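S.K.: Coordinates in upload.cif, mmCIF, C-alpha atoms, are listed below.
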```
data_protein
#
loop_
_atom_site.label_atom_id
_atom_site.label_comp_id
_atom_site.auth_asym_id
_atom_site.auth_seq_id
_atom_site.Cartn_x
_atom_site.Cartn_y
_atom_site.Cartn_z
CA MET K 1 -37.16 -22.73 -21.73
CA GLN K 2 -35.82 -19.29 -20.81
CA THR K 3 -33.12 -18.91 -18.24
CA VAL K 4 -32.12 -15.81 -16.37
CA LYS K 5 -29.18 -15.35 -14.08
CA MET K 6 -28.35 -13.42 -10.96
CA VAL K 7 -24.94 -13.33 -9.39
CA VAL K 8 -24.19 -13.31 -5.69
CA THR K 9 -20.77 -11.93 -4.98
CA GLY K 10 -18.81 -10.55 -2.05
CA PRO K 11 -15.62 -11.02 -0.06
CA PHE K 12 -14.47 -14.29 1.34
CA SER K 13 -16.80 -15.73 4.00
CA SER K 14 -19.47 -13.08 3.53
CA GLY K 15 -22.27 -15.67 3.24
CA LYS K 16 -22.69 -16.10 -0.51
CA THR K 17 -23.06 -19.87 -0.45
CA GLN K 18 -25.52 -19.77 2.43
CA PHE K 19 -27.58 -17.04 0.73
CA ILE K 20 -28.08 -19.20 -2.35
CA GLN K 21 -28.66 -22.37 -0.35
CA THR K 22 -31.48 -20.74 1.61
CA VAL K 23 -33.70 -20.22 -1.47
CA SER K 24 -32.42 -22.74 -3.99
CA GLU K 25 -34.69 -25.67 -4.78
CA ILE K 26 -31.62 -27.81 -5.43
CA ASP K 27 -28.71 -28.34 -3.15
CA VAL K 28 -26.16 -25.76 -4.04
CA VAL K 29 -23.59 -27.40 -6.26
CA ALA K 30 -20.54 -26.05 -4.55
CA THR K 31 -17.11 -27.29 -5.46
CA GLU K 32 -15.28 -27.09 -2.20
CA ARG K 33 -11.79 -27.72 -1.09
CA LYS K 34 -10.20 -27.54 2.31
CA ILE K 35 -8.56 -24.20 2.90
CA SER K 36 -4.81 -24.34 2.69
CA SER K 37 -3.99 -20.70 3.45
CA GLU K 38 -3.54 -19.90 7.12
CA SER K 39 -4.79 -16.35 6.65
CA GLU K 40 -8.13 -17.59 5.30
CA ARG K 41 -8.71 -20.16 8.00
CA ILE K 42 -11.93 -18.60 9.18
CA LYS K 43 -13.84 -21.61 7.93
CA GLU K 44 -12.97 -25.17 7.00
CA THR K 45 -13.80 -25.18 3.30
CA THR K 46 -14.22 -22.60 0.58
CA THR K 47 -15.81 -22.42 -2.83
CA VAL K 48 -13.18 -22.87 -5.48
CA ALA K 49 -15.29 -22.84 -8.61
CA MET K 50 -18.71 -21.32 -8.07
CA ASP K 51 -21.96 -21.94 -6.29
CA PHE K 52 -24.95 -22.80 -8.38
CA GLY K 53 -28.56 -22.65 -7.25
CA ARG K 54 -31.87 -22.77 -9.07
CA ILE K 55 -35.40 -21.45 -8.69
CA THR K 56 -37.92 -22.73 -11.21
CA VAL K 57 -40.45 -19.98 -11.96
CA ASP K 58 -42.74 -21.90 -14.26
CA ASP K 59 -42.61 -24.27 -17.21
CA ASP K 60 -40.91 -21.64 -19.34
CA LEU K 61 -38.64 -19.79 -16.99
CA VAL K 62 -35.83 -20.70 -14.62
CA LEU K 63 -33.72 -18.41 -12.45
CA TYR K 64 -30.17 -19.47 -11.77
CA LEU K 65 -28.19 -18.03 -8.90
CA PHE K 66 -24.45 -18.07 -9.31
CA GLY K 67 -22.10 -17.39 -6.45
CA THR K 68 -18.62 -16.16 -7.18
CA PRO K 69 -15.65 -17.60 -5.36
CA GLY K 70 -14.52 -15.19 -2.67
CA GLN K 71 -10.79 -15.64 -2.87
CA LYS K 72 -8.93 -13.11 -4.94
CA ARG K 73 -7.17 -15.68 -7.06
CA PHE K 74 -10.52 -16.53 -8.66
CA ASP K 75 -11.21 -12.96 -9.77
CA PHE K 76 -11.04 -14.11 -13.41
CA MET K 77 -14.35 -15.94 -12.84
CA TRP K 78 -16.17 -12.65 -12.37
CA GLU K 79 -15.94 -11.68 -16.01
CA ILE K 80 -17.39 -15.03 -17.03
CA LEU K 81 -20.16 -15.01 -14.44
CA SER K 82 -21.20 -11.41 -15.02
CA GLU K 83 -21.98 -12.04 -18.67
CA GLY K 84 -25.75 -12.02 -19.24
CA MET K 85 -26.74 -11.42 -15.63
CA LEU K 86 -29.93 -9.59 -14.70
CA GLY K 87 -28.36 -8.11 -11.62
CA PHE K 88 -26.17 -8.94 -8.68
CA VAL K 89 -26.13 -9.02 -4.91
CA VAL K 90 -23.02 -7.96 -3.05
CA MET K 91 -22.83 -9.75 0.29
CA VAL K 92 -20.87 -8.10 3.08
CA ASP K 93 -20.11 -9.62 6.46
CA SER K 94 -21.32 -6.91 8.84
CA SER K 95 -19.16 -8.21 11.66
CA ARG K 96 -15.86 -8.05 9.79
CA PRO K 97 -14.98 -4.46 8.86
CA GLU K 98 -11.64 -5.67 7.55
CA THR K 99 -13.58 -6.98 4.55
CA PHE K 100 -15.27 -3.68 3.71
CA ARG K 101 -12.42 -2.50 1.50
CA GLU K 102 -12.58 -5.75 -0.47
CA ALA K 103 -16.36 -5.33 -0.77
CA ARG K 104 -15.83 -1.86 -2.25
CA ARG K 105 -13.34 -3.25 -4.73
CA ILE K 106 -15.73 -6.02 -5.79
CA LEU K 107 -18.52 -3.49 -6.19
CA GLU K 108 -16.39 -1.29 -8.41
CA THR K 109 -15.24 -4.28 -10.46
CA PHE K 110 -18.74 -5.55 -11.09
CA ARG K 111 -20.02 -2.11 -11.94
CA ALA K 112 -17.26 -1.88 -14.54
CA TYR K 113 -18.10 -5.31 -15.98
CA ALA K 114 -21.81 -4.76 -16.40
CA PRO K 115 -24.01 -1.72 -15.76
CA THR K 116 -26.74 -3.81 -14.18
CA PRO K 117 -28.74 -3.12 -11.05
CA TYR K 118 -27.44 -4.40 -7.75
CA VAL K 119 -28.18 -4.41 -4.07
CA VAL K 120 -25.83 -4.72 -1.13
CA ALA K 121 -26.71 -7.13 1.65
CA ALA K 122 -25.36 -6.35 5.11
CA ASN K 123 -25.18 -9.98 6.18
CA LYS K 124 -24.77 -11.58 9.59
CA GLN K 125 -26.82 -8.89 11.28
CA ASP K 126 -27.60 -11.38 14.03
CA LEU K 127 -24.01 -11.34 15.26
CA GLU K 128 -23.10 -9.22 18.27
CA ASP K 129 -20.23 -7.52 16.45
CA ALA K 130 -22.32 -6.63 13.42
CA TRP K 131 -22.18 -3.00 12.33
CA GLU K 132 -25.42 -1.11 11.85
CA PRO K 133 -26.37 -0.94 8.13
CA GLU K 134 -26.36 2.85 8.16
CA ASP K 135 -22.82 2.90 9.55
CA MET K 136 -21.87 0.40 6.86
CA ARG K 137 -23.34 2.64 4.17
CA ILE K 138 -20.87 5.34 5.13
CA ALA K 139 -18.02 2.85 5.50
CA LEU K 140 -18.73 1.29 2.09
CA ARG K 141 -19.18 4.73 0.54
CA LEU K 142 -22.52 3.78 -0.93
CA ALA K 143 -24.55 6.48 -2.60
CA PRO K 144 -27.91 7.21 -0.93
CA ASP K 145 -29.80 5.60 -3.82
CA VAL K 146 -28.00 2.24 -3.46
CA LYS K 147 -30.11 -0.30 -1.63
CA LEU K 148 -28.36 -1.59 1.48
CA LEU K 149 -30.40 -4.34 3.06
CA PRO K 150 -29.98 -5.93 6.48
CA CYS K 151 -29.68 -9.65 5.97
CA ILE K 152 -29.25 -12.95 7.73
CA ALA K 153 -28.46 -15.44 4.97
CA THR K 154 -29.99 -18.35 6.88
CA ASN K 155 -33.32 -16.50 7.07
CA LYS K 156 -35.46 -17.22 4.04
CA GLU K 157 -37.61 -14.12 4.34
CA GLU K 158 -34.56 -11.87 4.44
CA VAL K 159 -32.97 -13.58 1.45
CA LYS K 160 -36.26 -13.29 -0.45
CA ASN K 161 -36.39 -9.62 0.44
CA ALA K 162 -32.92 -9.03 -0.99
CA LEU K 163 -33.82 -10.77 -4.25
CA LEU K 164 -37.13 -8.91 -4.47
CA GLU K 165 -35.47 -5.54 -3.93
CA LEU K 166 -33.05 -6.37 -6.73
CA LEU K 167 -35.95 -7.29 -9.01
CA TYR K 168 -37.75 -4.04 -8.12
CA SER K 169 -34.57 -2.16 -9.05
CA ILE K 170 -34.46 -3.99 -12.37
CA LEU K 171 -38.07 -2.99 -13.05
CA GLU K 172 -37.32 0.63 -12.16
CA ARG K 173 -34.39 0.61 -14.56
CA MET K 174 -36.68 -0.66 -17.32
CA ASP K 175 -39.22 2.06 -16.61
CA SER K 176 -36.66 4.87 -16.67
CA MET Q 1 -24.55 -2.98 18.09
CA ALA Q 2 -20.76 -2.81 17.99
CA LEU Q 3 -18.72 -0.30 16.05
CA LYS Q 4 -15.37 -1.94 16.35
CA GLY Q 5 -12.46 -3.03 14.23
CA ASN Q 6 -8.83 -2.31 13.47
CA LEU Q 7 -7.30 0.87 12.09
CA ARG Q 8 -5.40 -1.36 9.72
CA ASP Q 9 -8.70 -2.04 7.92
CA PHE Q 10 -10.68 1.08 8.68
CA SER Q 11 -8.69 4.29 8.97
CA PHE Q 12 -9.06 6.92 11.68
CA SER Q 13 -10.08 9.44 9.03
CA GLN Q 14 -12.95 7.21 7.94
CA LEU Q 15 -13.98 6.73 11.57
CA LEU Q 16 -14.09 10.46 12.26
CA ASN Q 17 -16.09 10.95 9.08
CA LEU Q 18 -18.61 8.33 10.19
CA ILE Q 19 -18.88 9.78 13.70
CA SER Q 20 -19.32 13.30 12.32
CA LEU Q 21 -21.92 12.33 9.70
CA ALA Q 22 -23.89 10.16 12.09
CA LYS Q 23 -23.58 12.77 14.86
CA LYS Q 24 -22.55 10.12 17.34
CA THR Q 25 -22.20 10.62 21.06
CA GLY Q 26 -19.87 8.34 22.95
CA MET Q 27 -16.27 7.36 23.38
CA LEU Q 28 -13.87 5.91 20.84
CA GLN Q 29 -11.19 3.80 22.50
CA VAL Q 30 -8.17 2.80 20.46
CA HIS Q 31 -5.53 0.31 21.61
CA GLY Q 32 -2.36 0.74 19.59
CA PRO Q 33 0.89 -1.22 19.71
CA GLU Q 34 2.60 1.50 21.73
CA LYS Q 35 -0.17 3.41 23.47
CA ASP Q 36 -3.91 3.70 23.96
CA ALA Q 37 -6.13 6.68 23.26
CA SER Q 38 -9.67 7.70 24.17
CA ILE Q 39 -11.59 10.28 22.19
CA SER Q 40 -15.03 11.45 23.33
CA PHE Q 41 -17.68 12.87 21.04
CA GLU Q 42 -20.86 14.80 21.63
CA GLN Q 43 -23.31 14.88 18.73
CA GLY Q 44 -20.47 14.31 16.26
CA LYS Q 45 -18.12 16.90 17.77
CA LEU Q 46 -14.90 16.18 19.60
CA SER Q 47 -15.40 16.82 23.29
CA TYR Q 48 -12.40 15.25 24.97
CA ALA Q 49 -9.24 13.37 24.05
CA GLN Q 50 -6.41 11.70 25.91
CA ASN Q 51 -3.80 9.04 25.50
CA ASN Q 52 -1.96 7.04 28.13
CA ALA Q 53 1.49 8.11 26.95
CA ALA Q 54 1.30 11.44 28.76
CA ASP Q 55 -0.11 13.05 31.89
CA ASN Q 56 -3.62 14.14 30.89
CA GLY Q 57 -4.26 16.36 33.88
CA LEU Q 58 -5.06 20.01 33.32
CA ALA Q 59 -1.81 21.14 34.96
CA ALA Q 60 0.29 19.02 32.58
CA ILE Q 61 -1.69 20.26 29.58
CA LEU Q 62 -1.16 23.88 30.62
CA LEU Q 63 2.54 23.16 31.12
CA ARG Q 64 2.82 21.70 27.62
CA GLY Q 65 0.90 24.70 26.32
CA GLU Q 66 3.41 26.96 28.05
CA LYS Q 67 0.74 28.58 30.19
CA LEU Q 68 2.37 27.35 33.39
CA THR Q 69 6.03 27.25 34.33
CA ASP Q 70 7.77 24.11 35.57
CA LYS Q 71 7.80 25.52 39.09
CA GLN Q 72 4.08 26.32 39.05
CA TYR Q 73 3.35 22.86 37.71
CA HIS Q 74 5.29 21.14 40.49
CA VAL Q 75 3.64 23.27 43.17
CA ILE Q 76 0.22 22.35 41.81
CA LYS Q 77 1.14 18.65 41.66
CA GLU Q 78 2.30 18.73 45.28
CA ARG Q 79 -0.57 20.67 46.77
CA ALA Q 80 -3.51 19.95 44.50
CA ASN Q 81 -2.84 16.54 43.00
CA ASN Q 82 -6.21 15.06 44.02
CA ILE Q 83 -8.31 17.90 42.70
CA GLY Q 84 -10.26 17.35 39.48
CA ASP Q 85 -9.61 19.45 36.39
CA LYS Q 86 -12.78 21.51 36.69
CA GLU Q 87 -12.03 22.54 40.26
CA LEU Q 88 -8.37 23.10 39.47
CA GLY Q 89 -9.28 25.27 36.51
CA LEU Q 90 -11.46 27.50 38.65
CA MET Q 91 -8.71 27.77 41.26
CA LEU Q 92 -6.13 28.75 38.64
CA ILE Q 93 -8.44 31.37 37.14
CA ASN Q 94 -9.30 32.81 40.55
CA SER Q 95 -5.61 32.90 41.43
CA ASN Q 96 -4.83 34.71 38.16
CA TYR Q 97 -2.44 32.02 36.99
CA VAL Q 98 -4.33 31.69 33.71
CA THR Q 99 -7.51 32.96 32.09
CA GLN Q 100 -10.49 30.86 31.09
CA GLU Q 101 -9.63 31.48 27.45
CA GLU Q 102 -6.10 30.20 27.94
CA ILE Q 103 -7.38 27.03 29.56
CA LEU Q 104 -9.86 26.38 26.77
CA ASN Q 105 -7.31 27.10 24.04
CA SER Q 106 -4.73 24.81 25.66
CA LEU Q 107 -7.27 22.03 25.98
CA LYS Q 108 -8.37 22.47 22.37
CA LYS Q 109 -4.78 22.32 21.17
CA GLU Q 110 -4.12 19.22 23.26
CA PHE Q 111 -7.27 17.41 22.11
CA VAL Q 112 -6.61 18.19 18.45
CA ALA Q 113 -2.98 17.04 18.79
CA THR Q 114 -4.13 13.75 20.31
CA ALA Q 115 -6.58 13.23 17.46
CA ASN Q 116 -3.99 14.17 14.83
CA ASP Q 117 -1.57 11.66 16.28
CA LEU Q 118 -4.07 8.89 15.58
CA PHE Q 119 -3.87 9.54 11.83
CA THR Q 120 -0.34 8.18 11.93
CA TRP Q 121 -1.36 4.92 13.57
CA GLU Q 122 -1.28 2.10 11.03
CA GLU Q 123 -2.62 -0.40 13.49
CA GLY Q 124 -4.95 -0.25 16.48
CA ILE Q 125 -8.03 -2.02 17.71
CA PHE Q 126 -10.85 0.48 18.09
CA HIS Q 127 -14.17 0.26 19.84
CA PHE Q 128 -16.87 2.94 20.00
CA GLU Q 129 -19.04 2.90 23.09
CA ASN Q 130 -22.29 4.77 22.53
CA ASN Q 131 -23.22 7.44 25.08
CA LEU Q 132 -20.12 6.91 27.21
CA LYS Q 133 -19.08 10.27 28.61
CA PRO Q 134 -15.58 11.46 29.52
CA PRO Q 135 -14.64 11.36 33.23
CA ALA Q 136 -16.86 13.74 35.22
CA ASP Q 137 -14.01 15.85 36.55
CA LYS Q 138 -12.59 16.57 33.09
CA ILE Q 139 -13.33 19.71 31.11
CA SER Q 140 -14.97 18.97 27.80
CA LEU Q 141 -15.29 21.13 24.71
CA LEU Q 142 -17.18 20.95 21.45
CA ILE Q 143 -14.76 20.95 18.52
CA ASN Q 144 -15.97 20.58 14.94
CA LEU Q 145 -14.37 17.61 13.25
CA GLU Q 146 -14.26 19.16 9.79
CA ASN Q 147 -10.79 20.67 10.07
CA ILE Q 148 -9.41 17.59 11.72
CA ILE Q 149 -10.92 15.44 8.99
CA ILE Q 150 -9.64 17.76 6.26
CA GLU Q 151 -6.11 17.48 7.56
CA GLY Q 152 -6.48 13.75 7.85
CA SER Q 153 -7.98 13.55 4.36
CA ARG Q 154 -5.04 15.51 3.02
CA GLN Q 155 -2.75 12.89 4.49
CA LEU Q 156 -4.89 10.10 3.08
CA LYS Q 157 -5.01 11.69 -0.37
CA GLU Q 158 -1.28 11.97 -0.33
CA GLN Q 159 -1.03 8.32 0.65
CA GLU Q 160 -3.41 7.31 -2.15
CA ARG Q 161 -1.56 9.42 -4.69
CA LEU Q 162 1.70 7.87 -3.61
CA GLN Q 163 0.10 4.45 -3.76
CA ASP Q 164 -1.01 5.14 -7.35
CA GLU Q 165 2.40 6.32 -8.38
CA ILE Q 166 4.21 3.59 -6.53
CA PRO Q 167 1.67 0.76 -6.30
CA SER Q 168 4.05 -1.88 -5.14
CA LEU Q 169 7.21 -1.80 -3.12
CA ASP Q 170 8.12 -5.15 -4.69
CA MET Q 171 9.51 -3.20 -7.65
CA ALA Q 172 13.00 -1.78 -7.81
CA LEU Q 173 14.57 1.63 -8.40
CA LYS Q 174 17.35 2.68 -10.69
CA PHE Q 175 19.04 5.99 -11.42
CA THR Q 176 17.89 7.63 -14.61
CA ASP Q 177 20.31 8.19 -17.44
CA ASN Q 178 20.14 11.95 -17.20
CA PRO Q 179 23.20 13.56 -18.74
CA GLY Q 180 24.33 16.60 -16.85
CA THR Q 181 22.71 15.64 -13.57
CA ASN Q 182 25.12 14.94 -10.79
CA ILE Q 183 23.19 13.80 -7.77
CA ARG Q 184 25.95 15.10 -5.54
CA ASN Q 185 24.91 18.62 -6.48
CA VAL Q 186 21.33 18.04 -5.42
CA ASN Q 187 20.25 19.19 -1.97
CA LEU Q 188 18.76 16.19 -0.26
CA SER Q 189 17.80 15.66 3.34
CA VAL Q 190 19.46 13.03 5.52
CA LYS Q 191 16.58 10.61 5.00
CA GLU Q 192 16.61 11.19 1.23
CA TRP Q 193 20.32 10.50 1.09
CA ARG Q 194 19.78 7.31 3.04
CA VAL Q 195 17.28 6.12 0.42
CA VAL Q 196 19.53 7.18 -2.47
CA SER Q 197 22.49 5.33 -1.05
CA PHE Q 198 20.61 2.01 -1.19
CA ILE Q 199 19.22 2.37 -4.70
CA ASN Q 200 20.06 -0.72 -6.73
CA PRO Q 201 17.93 -2.39 -9.41
CA LYS Q 202 18.63 -5.72 -7.72
CA ASN Q 203 16.98 -4.62 -4.47
CA SER Q 204 13.25 -4.17 -4.14
CA MET Q 205 11.94 -0.97 -2.62
CA LYS Q 206 10.57 -3.08 0.21
CA GLN Q 207 14.10 -4.10 1.09
CA ASN Q 208 15.27 -0.50 0.79
CA ALA Q 209 12.53 0.72 3.11
CA LYS Q 210 13.42 -1.92 5.66
CA THR Q 211 17.12 -1.10 5.48
CA THR Q 212 16.54 2.65 5.82
CA LYS Q 213 14.03 2.05 8.65
CA LEU Q 214 11.47 4.35 7.07
CA ASN Q 215 7.75 3.69 7.26
CA ASP Q 216 5.69 3.11 4.13
CA LEU Q 217 4.46 6.70 3.80
CA GLU Q 218 7.82 8.34 4.42
CA PHE Q 219 9.58 6.03 1.99
CA ARG Q 220 6.99 6.50 -0.77
CA ARG Q 221 7.09 10.25 -0.26
CA ILE Q 222 10.86 10.34 -0.73
CA VAL Q 223 10.82 8.02 -3.74
CA TYR Q 224 8.04 10.07 -5.31
CA SER Q 225 10.01 13.28 -4.94
CA LEU Q 226 13.09 11.61 -6.44
CA ILE Q 227 10.98 10.42 -9.36
CA GLN Q 228 9.48 13.87 -9.84
CA ALA Q 229 12.96 15.36 -9.82
CA GLY Q 230 13.92 12.93 -12.59
CA LEU Q 231 16.68 11.35 -10.53
CA VAL Q 232 15.32 7.81 -10.32
CA GLU Q 233 12.84 5.62 -12.11
CA ILE Q 234 10.91 2.56 -11.14
CA VAL Q 235 11.35 -0.74 -12.87
CA ARG Q 236 7.70 -1.75 -13.15
CA PRO Q 237 5.98 -4.98 -14.23
CA GLU Q 238 3.60 -4.58 -17.20
CA GLY Q 239 0.18 -3.44 -16.04
CA VAL Q 240 -3.03 -5.28 -16.87
CA ALA Q 241 -5.64 -3.27 -18.72
CA PRO Q 242 -9.14 -3.25 -17.15
CA PRO Q 243 -11.75 -5.40 -18.97
CA ALA Q 244 -14.15 -3.72 -21.38
CA PRO Q 245 -17.63 -3.28 -19.86
CA LYS Q 246 -20.21 -5.85 -21.01
CA ILE Q 247 -23.82 -5.07 -21.74
CA PRO Q 248 -26.03 -7.81 -20.24
CA ALA Q 249 -28.07 -9.78 -22.78
CA LEU Q 250 -31.63 -10.51 -21.70
CA PRO Q 251 -33.45 -13.55 -23.12
CA VAL Q 252 -36.13 -11.29 -24.64
CA GLU Q 253 -35.70 -8.01 -26.43
CA ASP Q 254 -39.13 -6.42 -26.22
CA THR Q 255 -39.38 -4.14 -23.13
CA GLU Q 256 -42.89 -5.28 -22.21
CA GLU Q 257 -41.79 -8.90 -22.40
CA GLN Q 258 -38.81 -8.09 -20.23
CA LYS Q 259 -41.07 -6.49 -17.63
CA SER Q 260 -43.39 -9.45 -17.74
CA LEU Q 261 -40.45 -11.75 -17.19
CA VAL Q 262 -39.30 -9.77 -14.17
CA ASN Q 263 -42.83 -9.69 -12.74
CA ARG Q 264 -43.02 -13.46 -13.04
CA LEU Q 265 -39.77 -13.69 -11.12
CA ILE Q 266 -41.14 -11.38 -8.43
CA THR Q 267 -44.29 -13.46 -8.06
CA ARG Q 268 -42.29 -16.65 -7.77
CA ILE Q 269 -39.82 -15.29 -5.22
CA ARG Q 270 -42.69 -13.98 -3.08
CA SER Q 271 -44.22 -17.43 -3.06
CA LEU Q 272 -41.09 -19.15 -1.74
#
```
Written as C-alpha cells, how would this file's structure read?

M.R.:
Amino acid sequence: MQTVKMVVTGPFSSGKTQFIQTVSEIDVVATERKISSESERIKETTTVAMDFGRITVDDDLVLYLFGTPGQKRFDFMWEILSEGMLGFVVMVDSSRPETFREARRILETFRAYAPTPYVVAANKQDLEDAWEPEDMRIALRLAPDVKLLPCIATNKEEVKNALLELLYSILERMDS
Amino acid sequence: MALKGNLRDFSFSQLLNLISLAKKTGMLQVHGPEKDASISFEQGKLSYAQNNAADNGLAAILLRGEKLTDKQYHVIKERANNIGDKELGLMLINSNYVTQEEILNSLKKEFVATANDLFTWEEGIFHFENNLKPPADKISLLINLENIIIEGSRQLKEQERLQDEIPSLDMALKFTDNPGTNIRNVNLSVKEWRVVSFINPKNSMKQNAKTTKLNDLEFRRIVYSLIQAGLVEIVRPEGVAPPAPKIPALPVEDTEEQKSLVNRLITRIRSL
C-alpha cells in the first residue's frame, strides 16, 4: 500500500480543519483543547496536535491530509509534517487581514522546508468582510504564477478544486 | 466586497500600493486614535484628502500654504463661509487674490501632507468604499501615488532594517568598552541623550523606550545610530539557525510512475 501526503497549513482559524473534514472519508482526528489564551478566543477549541484526514484512492494508494496546528507555539510540528509531502495548501481567512502577515510567514517557512508545489486558498469568501482574491494576492505579495484560489472550506466542490489545482501544479513540476 | 482592516496589521504604504496597482476609485476612510482621515482616489491616483483635525476649506488650505494672509482669511470666513471650494476658488482668482496655479499647488501640498501623515499612524481602522466620490463642492486633483509610496516605502525599509538590527526590545543595552571614547565629547541630540542616560544592562530597551516616551521607530533609530557609532551594544539572546531545506521523498522514483500516481489522485479527487 502506497501512501502520499499533503499538508494543509495556515494561520490560526483560517479553516484548515474544516477543509480536511469536507473531503475526508474519515472523521478528522483532531486533538482539540479549549482555548486558554484570551487573544485567540475567536473560537472555542483549537487543534493542538494536528488534523488527520484520509482519501482512499484505490487498493494500492491512500492520500493523507495533515493539518498543521495554527498557533505559533506548535511551529516545531511543521518540520515534521513537511517531510515527504507532495505539496501543501496555505489557507488564509479572507475576512481577517490581520492574519495576512502570519500567512506570509508560514508560506516562507514552508517554502524553506521543502521546495514542493503549493496553492493558496482564499477561504471564507462567503463572508461579507472577505477581501477579493486579487486584492489578497497583492496583500500577500504572491507572485503572478502562484495559484490563489477562492475557497469556502465547507463547500466540497471548492475544496476539491483546491486539491486538484495543487495536483495539476505537481504534474507541471514533473513535466518541467 | 469589503476592503477593510486595521493599519496595525496592514500598513498605509501597503494600502496605497494596492490601490495604485488595482487602479481603484473610491474613498479610503481611516479612524485613528486621535483623528480621522479620508483619502479619495480616482483610477489609482490621489484625488482628494482631508482629516478632521484641521479646517479643510480652501481658505484654510491657502492660509496654511501662505497664499492668503490672516486678514484675508478672516474676511473670507466672515463673508463667504457658506460658499463651496470650487466657487470660492473662482472668486479668489477673479479677484486676483491668487492664481489657479497657486490654488492647485496648495491643494496638492495639503493632500500629500495629509497622506504622508498617515504613514506615521501605527493604528487605525480603515475602510475603502468603492466609487465613493469626494464632496461635490471640493476641488479634486489627480496625483500619482508613486512618489508618496516611495517616501512611505523608504520609511518602511528603515523600519524593517531597524527591526532586523534590533529585533526585540526585550533585550538590554550596555556601553561598549571602547578605550579613548568619552561619550561626553560626542554631539548627541536631546532625545539621544535621554536614551543614553537610561542605558543599563538591567533594563530592557522596552523599559527605556517607555521611560523616554519615544515611539518604537524613534527609539530604534537612536539605538541603531548609537550602535553604529560604537557607543553601545545589545545584549542579545542566542539566535536559532533556520532549518535545512528537505527534499520531499515520493513513494516511487520513476518519473512515469510518479505521474501515474498523481493522475490516479486527480481521478479520485474528481470523483468525490

S.K.: Find the distance between atom CA of Q:Glu102 and atom CA of Q:Gly89 and write it in Å to one decimal.

M.R.: 10.4 Å

S.K.: Which residues of chain K are close to chain Q, meaning at most 9 Å apart when you count all atoms listed in the file, and how do they look as a PyMOL selection string?

M.R.: chain K and resi 2-4+23+55-58+61-63+79+82-87+95-101+111-116+127-132+134-135+138-139+156-157+160-161+163-164+167-168+170-171+174-175

S.K.: Select all residues near (-8.5, 6.2, 23.1) (cut-off 12 Å, inclusive, file coordinates), counting only C-alpha atoms, and output them as a PyMOL selection string.

M.R.: chain Q and resi 12+26-32+35-41+48-53+111+114-115+117-118+121+124-129+134

S.K.: Skip Q:Leu145 itself and residues of its chain fewer than 4 positions away, then list as a ChimeraX atom specification all residues within 7 Å of it, counting all atoms listed in the file.

M.R.: /Q:20,45-46,149

S.K.: Between atom CA of K:Pro69 and atom CA of K:Lys16, what is the distance, to one decimal in Å?

M.R.: 8.7 Å

S.K.: Could you tell me how far atom CA of K:Arg141 sits from atom CA of K:Phe88, in Å to one decimal place?

M.R.: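 Going from atom CA of K:Phe88 over to atom CA of K:Arg141, I get 17.9 Å.
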
S.K.: Counting only C-alpha atoms, find residues at most 9 Å from (-23.2, -16.6, -3.4) (file frame) and give them as a list in words.

M.R.: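 Nearby residues: Val7, Val8, Thr9, Gly10, Ser14, Gly15, Lys16, Thr17, Gln18, Phe19, Ile20, Gln21, Met50, Asp51, Phe52, Gly53, Leu65, Phe66, Gly67, Thr68, Pro69, Gly70, Val89, Val90 and Met91 of chain K.
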
S.K.: Residues near Q:Leu107, anyone? I mean within 8 Å using all atoms listed in the file, not counting same-chain ones fewer than 4 positions away, as a PyMOL selection string.

M.R.: chain Q and resi 58+61-62+103+111

S.K.: Quick one: 5 Å padding each side, axis-aligned, all listed atoms of stretch 65-78 of chain Q - centre and edge lengths in Å to one decimal, as AutoDock Vina command-line options?

M.R.:
```
--center_x 4.0 --center_y 23.6 --center_z 35.8 --size_x 17.6 --size_y 19.9 --size_z 29.0
```

S.K.: With a distance cut-off of 7 Å and only C-alpha atoms, select the neighbouring residues of K:Pro150, excluding the residue or stretch itself and same-chain residues fewer than 4 positions from it, and output the selection as a list in words.

M.R.: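 Answer for this query is Ala121, Ala122, Asn123, Gln125 and Pro133 of chain K.
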
S.K.: Taking into account all atoms listed in the file, which residue in the set Q:Gly84, Q:Glu34, Q:Asp254, Q:Lys210 is nearest to Q:Pro135?

M.R.: Q:Gly84

S.K.: So that I can look at just that part, could you write stretch 19-27 of chain K with N, CA and C atoms, as a compact mmCIF listing (two decimals), in the first residue's frame?

M.R.:
```txt
# COMPACT_ATOMS: atom_id res chain seq x y z
N PHE K 19 -11.47 22.36 6.08
CA PHE K 19 -11.05 22.00 4.71
C PHE K 19 -10.87 20.49 4.61
N ILE K 20 -10.15 19.94 5.57
CA ILE K 20 -9.86 18.50 5.55
C ILE K 20 -11.15 17.71 5.80
N GLN K 21 -11.94 18.17 6.74
CA GLN K 21 -13.17 17.47 7.11
C GLN K 21 -14.12 17.36 5.91
N THR K 22 -14.12 18.36 5.06
CA THR K 22 -15.06 18.39 3.94
C THR K 22 -14.83 17.26 2.95
N VAL K 23 -13.60 16.81 2.79
CA VAL K 23 -13.30 15.78 1.78
C VAL K 23 -12.83 14.46 2.39
N SER K 24 -12.55 14.45 3.67
CA SER K 24 -12.00 13.23 4.27
C SER K 24 -13.09 12.16 4.40
N GLU K 25 -12.70 10.92 4.13
CA GLU K 25 -13.68 9.83 4.26
C GLU K 25 -13.79 9.38 5.72
N ILE K 26 -12.87 9.81 6.53
CA ILE K 26 -12.96 9.52 7.97
C ILE K 26 -13.18 10.84 8.69
N ASP K 27 -13.73 10.74 9.86
CA ASP K 27 -13.83 11.96 10.66
C ASP K 27 -12.42 12.41 10.97
```
